[in-house]
Structure formats: structure tokens, C-alpha cells
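Undergrad: Mind looking over this structure? Questions follow.
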Amino acid sequence: MPETAYSPGELLALDRAHVWHPYGPMPGRTDPLIVQSASGVRLRLAEPVHGQRELVDGMSSWWSAIHGYNHPVLNEAAHSQLERMSHVMFGGLTHEPAVRLAARLVEITPEPLRHVFLCDSGSVSVEVAVKMCLQYWRSVGRPAKQRLLTWRGGYHGDTWQPMSVCDPEGGMHELWSGVLPRQIFVDAPPAGFEESYAQQLRDAVARHADELAAVIVEPVVQGAGGMRFHSPEYLRVLREACDEHGVLLIFDEIATGFGRTGALFAAEHAGVSPDVMCLGKALTGGYLTMAATLCTSRVADGISRGEVPVLAHGPTFMGNPLASAVACASIDLLLGQDWQQEVKRIEAALTQGLAPARDLPGVSDVRVLGAIGVVQLDHEVDMAAATEAAVREGVWLRPFRDLIYTMPPFVSADEDIARIARAVCAAAASG
Ligand SMILES: *Cc1c(COP(=O)(O)O)cnc(C)c1O
């Protein structure tokens with residue numbers, strides 16, 4: 001096979017004519033950068049852009065590539081699994097990679113999560129979580145409990161049920177507000193603990209308990225809905241309110257899982273466990289698409305005692321062996337090192353490197369938690385100018401709304417983090 005079938009110009013023309021990109025128009029209006037390969041924390045471009053042929057990845061490919069790219073251990077896991085089988089159906093068949101992954105996930109997630117549904121993407125794992133909760137209540141004779149409660153500022157994916165619990169305003173799914181299932185929203189959580197807000201949470205759960213199947217939230221860090229952080233105390237408040245009023249609790253840890261916030265799972269900051277938990281993104285170290293929905297035995301038993309005693313969900317690529325094998329290797333790689341120390345090191349470097357952004361005009365907030373750094377502007381970011389400013393510093397960033405943010409791979413060296421921080425500041429200063 002020739003190294004490249006198309007010139008960069010031809011690629012971009014075909015891309016523009018035929019290929020949808022995330023949240024993009026058709027045909028595309030801006031040219032994406034062409035990545036030829038990636039290794040460690042660097043993306044290698046097909047041709048130099050603003051004088052840079054390589055960019056340090058400040059995004060971990062949207063939270064996922066925690067070990068960087070082309071990692072020898074993950075490559076080896078993929079190669080050796082590929083030689084056995086890359087996929088077989090999961091109905092009536094099973095295999096070691098999926099079983100090993102499920103057992104490992106049960107071992108490392110908070111008690112009493114015990115059962116694992118392996119699916120293709122984060123959005124699907126949220127669909128499965130919601131289906132589990134609605135079916136649980138149906139099975140135990142409470143079919144009216146079919147709505148969800150969440151707080152504003154959240155993001156849970158792009159398929160139908162997840163869209164219904166994304167922030168309904170200024171978010172990406174506003175267009176569908178009259179069409180989606182109508183869920184119950186409370187205000188976005190304040191950063192610090194406020195008793196009046198905690199009371200608002202308790203009141204909302206109490207008031208709607210008869211129609212609520214579940215509360216669904218992203219614990220501690222709200223990702224694509226606004227990159228906001230909140231006090232873990234609110235998760236304890238939700239756990240207590242849900243227990244008191246007979247409502248299930250779903251934690252969407254798709255972005256926060258696998259160490260990103262400084263705890264292996266963000267629920268640990270609060271010392272509480274949900275009834276259902278969604279994992280994705282960093283699950284396979286950014287290699288392949290896979291997500292997981294975990295639930296307690298109470299939820300599983302409830303479903304299994306119902307009129308339809310099965311969970312009617314079964315994606316074609318459920319439990320994909322290749323993705324499962326890489327996920328196992330990624331978890332072993334993470335837990336086999338002092339990852340807490342690495343995340344602390346990145347937290348300190350981001351705190352230091354992003355501090356100068358506080359003095360820039362137009363910056364309203366700078367915040368860092370674990371290996372996540374956020375600069376918030378008091379206006380909409382100029383995407384083209386901000387992206388160019390970062391690329392000129394040799395860094396890949398993907399700002400949105402009023403946010404310039406980074407969640408670098410855990411393997412980023414101190415110099416890489418310093419460079420990423422300079423790029424975030426340059427992007428923030430770009431207007
Ligand atoms: C990314 C994300 C999702 C959706 O995952 P996809 O794999 O993109 O479908 C859901 N919830 C949260 C918190 C996410 O960050």
C-alpha cells in the first residue's frame with residue numbers, strides 16, 4: 001500500500017465534500033488538520049501548519065488517550081488479540097477479554113457495583129443506564145417512575161435519552177427541546193458547598209419521587225456542558241435523597257473515570273456509590289470505541305424478576321474482544337504505576353502554567369482539578385483565532401463556547417505541560 005493515496009489537498013477536498021465531523025455542517029466550512037500519525041503525546045501532521053509539523057496533544061483526544069499514542073504495551077495487547085480474533089458475536093458466546101475486563105471493572109469501581117454491560121460508546125452506555133433504571137421500576141411494579149432528574153450544565157452524549165439530560169440551554173441540543181423526553185432540571189451545582197443548594201436538590205428529589213426513575217449526574221466535574229467543578233458533598237446529598245425517596249442514582253463517569261480528577265473514579269471524592277455507573281472515553285486508553293454500564297445486584301435482580309425478565313439490549317459489537325483486550329491492558333498500565341503522583345504533578349504544573357491567564361483581559365475564571373485545566377472567558381471564544389494561537393505554540397487544543405481547556409495525557413512531561421499551558425494562555429489572549 002502506498003504511504004498515502006491522496007495529497008493533502010485532495011484529502012481536504014474529499015473530506016469537505018463527503019465527511020461529517022463532530023457538530024459540523026455539510027459541506028464543512030473550515031479545514032481540519034490532517035494527522036498522519038501520533039506517538040507519545042504528539043500528533044504528527046501531514047504538512048506543516050503555522051510552522052509546526054508536530055503538535056503536543058492537550059486534549060487526549062477528548063479525555064481518552066491517557067497513556068498517549070502508539071504505546072508499546074497497548075499496541076502489543078491489540079496485536080496479540082488481533083491474532084486470536086478481533087470480534088465474535090456476544091449472544092450465546094463469551095471470551096476471556098470481555099470476562100477479564102468485566103471482572104476488573106467490578107474490582108476497581110466502588111462497591112456494590114457488580115454487573116457489567118459492555119457496549120460501543122458513551123452515549124449508548126447512558127441509554128443502557130436509563131433503560132436499566134426505567135425497567136427496574138417497571139419490573140417492581142412502579143411503571144410511573146420513568147423520568148430523570150439532573151442539574152443544569154451537564155453533558156451525557158448525543159443519542160436521544162442522553163440529549164434529554166444535557167443542559168437544555170446554550171448547550172448543543174437546544175434545537176430539540178420540544179421533541180425530547182421532558183426531564184426535570186435543577187440549577188447547576190455551585191463550585192463550593194452551599195446548604196441552600198443542597199436543600200434545593202433534596203426538595204426536587206422529594207417533590208418528583210413518584211415519577212422519578214433516576215437522578216443522573218456527572219460527579220465532581222461537568223465536562224462538555226461547561227467544564228464546571230462542584231463540591232463532592234452534593235453527591236452525598238443526592239445519595240441520601242435518592243435512598244430516602246426510592247430513586248436510583250446514575251453517575252456518568254465517562255469523562256471523569258480512570259484517574260482524571262485525581263481519584264480513580266470521581267465518586268470516590270464523595271465516598272458514595274451510585275446504583276448505575278457509566279464508563280467510556282479512557283476505558284481503552286483512547287485506542288478503540290468501547291463503554292460500560294455497571295449496576296448493582298439490586299438493579300439487576302429487579303429487572304430479572306420482572307414481567308420481561310431480560311435487559312433487551314444487545315449491540316452487534318457488544319463486548320468486542322479487541323477493545324476489551326486493550327482496555328484490560330490500559331487499566332493494568334494505569335494501576336501498575338503511581339498514577340496519583342502523575343496526576344498531582346500535572347495538576348501542579350497546570351496550576352502554575354495557567355496562573356498568568358488570570359491577568360488577561362476577557363478571562364473570567366481559571367480553574368484546575370486533577371489533570372484538567374480550564375480558562376473561561378467572559379465572551380464566546382473565536383475558535384479559528386484561538387486554535388491558530390495554540391498551533392503556533394505547537395499545541396493542539398479544541399476550545400468551545402467560552403472555554404479554552406486541556407486534559408493532557410498522563411504521560412505528558414513537565415515541558416509538555418508548560419507548553420500546553422502557554423498555548424492555553426496564548427489562545428485566551430487571541431481574542
Ligand atoms: C463524552 C461523554 C459522553 C458520550 O460519550 P460518546 O462516547 O461520545 O458517545 C457521555 N457522557 C459524558 C460525561 C461524556 O463526557
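Residues in the C-alpha cells are numbered from 1 in each chain, the chains being A, B, ... in the order shown, and ligands are numbered from 1 in the order shown.
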Fewer than 6 positions away in the same chain doesn't count, so skip those; otherwise give me all residues within 9 Å of Ala426 (chain A), counting only C-alpha atoms, as number ranges by chain.

TA: A: 357, 386, 389-390, 393

Undergrad: Kindly compile the residues surrounding ligand 1 within 10 Å, counting only C-alpha atoms and all ligand atoms, and format them as an MDAnalysis selection string.

TA: chainID A and resid 22 62:64 119:127 154:159 162:163 166 217:219 221:225 251:257 278:282 289:291

Undergrad: For CA of Leu212 (chain A) and CA of Phe229 (chain A), quote the distance in Å rounded to one decimal.

TA: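 Going from CA of Leu212 (chain A) over to CA of Phe229 (chain A) covers 25.2 Å.
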
Undergrad: Can you tell me, as a short mmCIF file (atom, residue, chain, number, x, y, z; two decimals) with N, CA and C atoms, in the first residue's frame, which residues in region 59-139 of chain A count as alpha helix (DSSP H) by DSSP?

TA:
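Output contents, as saved in part-v8.cif:
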data_model
loop_
_atom_site.label_atom_id
_atom_site.label_comp_id
_atom_site.auth_asym_id
_atom_site.auth_seq_id
_atom_site.Cartn_x
_atom_site.Cartn_y
_atom_site.Cartn_z
N SER A 60 -5.98 14.90 24.83
CA SER A 60 -6.07 13.43 24.98
C SER A 60 -7.19 12.86 24.11
N SER A 61 -7.32 13.44 22.89
CA SER A 61 -8.42 13.00 22.02
C SER A 61 -9.73 12.91 22.79
N TRP A 62 -10.11 14.05 23.40
CA TRP A 62 -11.34 14.11 24.20
C TRP A 62 -11.30 13.12 25.36
N TRP A 63 -10.40 13.33 26.27
CA TRP A 63 -10.29 12.62 27.55
C TRP A 63 -9.80 11.19 27.46
N PRO A 72 3.64 1.10 23.40
CA PRO A 72 4.06 -0.28 23.10
C PRO A 72 3.20 -1.33 23.83
N VAL A 73 2.81 -1.06 25.06
CA VAL A 73 2.03 -2.06 25.82
C VAL A 73 0.63 -2.23 25.22
N LEU A 74 -0.01 -1.12 24.86
CA LEU A 74 -1.35 -1.21 24.28
C LEU A 74 -1.28 -1.78 22.86
N ASN A 75 -0.22 -1.39 22.12
CA ASN A 75 -0.04 -1.97 20.78
C ASN A 75 0.08 -3.48 20.87
N GLU A 76 0.87 -3.94 21.83
CA GLU A 76 1.10 -5.39 21.98
C GLU A 76 -0.22 -6.11 22.34
N ALA A 77 -1.00 -5.49 23.22
CA ALA A 77 -2.29 -6.09 23.59
C ALA A 77 -3.20 -6.20 22.37
N ALA A 78 -3.20 -5.16 21.54
CA ALA A 78 -4.04 -5.19 20.34
C ALA A 78 -3.53 -6.23 19.35
N HIS A 79 -2.21 -6.24 19.11
CA HIS A 79 -1.64 -7.21 18.16
C HIS A 79 -1.93 -8.63 18.60
N SER A 80 -1.68 -8.94 19.85
CA SER A 80 -1.82 -10.34 20.24
C SER A 80 -3.29 -10.77 20.23
N GLN A 81 -4.20 -9.86 20.56
CA GLN A 81 -5.62 -10.21 20.47
C GLN A 81 -6.07 -10.35 19.01
N LEU A 82 -5.53 -9.47 18.16
CA LEU A 82 -5.88 -9.50 16.73
C LEU A 82 -5.54 -10.85 16.12
N GLU A 83 -4.44 -11.45 16.60
CA GLU A 83 -4.04 -12.75 16.04
C GLU A 83 -4.95 -13.88 16.51
N ARG A 84 -5.67 -13.65 17.62
CA ARG A 84 -6.65 -14.68 18.05
C ARG A 84 -8.00 -14.43 17.37
N GLU A 96 -12.47 -14.63 26.91
CA GLU A 96 -11.68 -14.16 28.05
C GLU A 96 -11.51 -12.63 28.10
N PRO A 97 -11.23 -11.95 26.99
CA PRO A 97 -11.01 -10.49 27.13
C PRO A 97 -12.20 -9.77 27.77
N ALA A 98 -13.42 -10.08 27.35
CA ALA A 98 -14.59 -9.38 27.91
C ALA A 98 -14.81 -9.77 29.37
N VAL A 99 -14.65 -11.07 29.67
CA VAL A 99 -14.86 -11.53 31.04
C VAL A 99 -13.82 -10.90 31.97
N ARG A 100 -12.57 -10.89 31.49
CA ARG A 100 -11.50 -10.31 32.30
C ARG A 100 -11.76 -8.82 32.54
N LEU A 101 -12.21 -8.13 31.49
CA LEU A 101 -12.46 -6.69 31.63
C LEU A 101 -13.60 -6.44 32.63
N ALA A 102 -14.69 -7.21 32.49
CA ALA A 102 -15.83 -7.01 33.38
C ALA A 102 -15.42 -7.26 34.83
N ALA A 103 -14.69 -8.34 35.06
CA ALA A 103 -14.26 -8.67 36.43
C ALA A 103 -13.36 -7.56 36.98
N ARG A 104 -12.48 -7.06 36.13
CA ARG A 104 -11.56 -5.99 36.54
C ARG A 104 -12.33 -4.71 36.88
N LEU A 105 -13.34 -4.39 36.07
CA LEU A 105 -14.12 -3.17 36.33
C LEU A 105 -14.87 -3.29 37.65
N VAL A 106 -15.43 -4.47 37.92
CA VAL A 106 -16.14 -4.66 39.19
C VAL A 106 -15.15 -4.49 40.36
N GLU A 107 -13.93 -5.02 40.16
CA GLU A 107 -12.92 -4.95 41.22
C GLU A 107 -12.51 -3.49 41.52
N ILE A 108 -12.39 -2.65 40.49
CA ILE A 108 -11.82 -1.32 40.74
C ILE A 108 -12.87 -0.23 40.96
N GLY A 122 -20.01 5.92 24.72
CA GLY A 122 -20.52 6.52 25.93
C GLY A 122 -22.01 6.80 25.86
N SER A 123 -22.46 7.35 24.75
CA SER A 123 -23.88 7.66 24.62
C SER A 123 -24.73 6.40 24.78
N VAL A 124 -24.28 5.31 24.18
CA VAL A 124 -25.04 4.06 24.29
C VAL A 124 -25.02 3.57 25.74
N SER A 125 -23.91 3.74 26.43
CA SER A 125 -23.87 3.30 27.83
C SER A 125 -24.86 4.09 28.68
N VAL A 126 -25.09 5.36 28.32
CA VAL A 126 -26.09 6.16 29.05
C VAL A 126 -27.49 5.67 28.69
N GLU A 127 -27.72 5.36 27.41
CA GLU A 127 -29.01 4.77 27.01
C GLU A 127 -29.28 3.50 27.83
N VAL A 128 -28.26 2.67 27.96
CA VAL A 128 -28.43 1.40 28.69
C VAL A 128 -28.70 1.69 30.16
N ALA A 129 -27.99 2.65 30.73
CA ALA A 129 -28.20 3.00 32.14
C ALA A 129 -29.64 3.45 32.37
N VAL A 130 -30.14 4.28 31.47
CA VAL A 130 -31.51 4.79 31.61
C VAL A 130 -32.50 3.64 31.43
N LYS A 131 -32.25 2.79 30.46
CA LYS A 131 -33.15 1.64 30.23
C LYS A 131 -33.16 0.74 31.47
N MET A 132 -32.00 0.51 32.06
CA MET A 132 -31.93 -0.31 33.28
C MET A 132 -32.82 0.27 34.37
N CYS A 133 -32.70 1.59 34.57
CA CYS A 133 -33.44 2.22 35.68
C CYS A 133 -34.95 2.20 35.41
N LEU A 134 -35.36 2.56 34.20
CA LEU A 134 -36.79 2.56 33.89
C LEU A 134 -37.36 1.14 34.00
N GLN A 135 -36.58 0.18 33.50
CA GLN A 135 -37.06 -1.20 33.52
C GLN A 135 -37.12 -1.74 34.95
N TYR A 136 -36.15 -1.32 35.77
CA TYR A 136 -36.17 -1.73 37.18
C TYR A 136 -37.52 -1.36 37.82
N TRP A 137 -37.93 -0.10 37.65
CA TRP A 137 -39.17 0.36 38.29
C TRP A 137 -40.39 -0.31 37.69
N ARG A 138 -40.37 -0.54 36.38
CA ARG A 138 -41.44 -1.26 35.71
C ARG A 138 -41.56 -2.68 36.30
N SER A 139 -40.39 -3.31 36.45
CA SER A 139 -40.37 -4.69 36.94
C SER A 139 -40.88 -4.82 38.37
#

Undergrad: I need the residue nearest Thr351 (chain A) from this list: A:Gly373, A:Ala17, A:Gln337, A:His67. Use only C-alpha atoms for the distance.

TA: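 Once distances to Thr351 (chain A) are computed over only C-alpha atoms, the minimum belongs to A:Gly373.
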
Undergrad: In terms of the shortest atom-to-atom distance over only C-alpha atoms, which of A:Pro315, A:Gly178, A:Pro8, A:Gly51 is closest to Gln36 (chain A)?

TA: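 Among the listed residues, the smallest separation from Gln36 (chain A) belongs to A:Pro8.
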
Undergrad: Give me, please, the distance in Å between CA of Ala327 (chain A) and CA of Gly285 (chain A), quoted to one decimal.

TA: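 Going from CA of Ala327 (chain A) over to CA of Gly285 (chain A), I get 6.7 Å.
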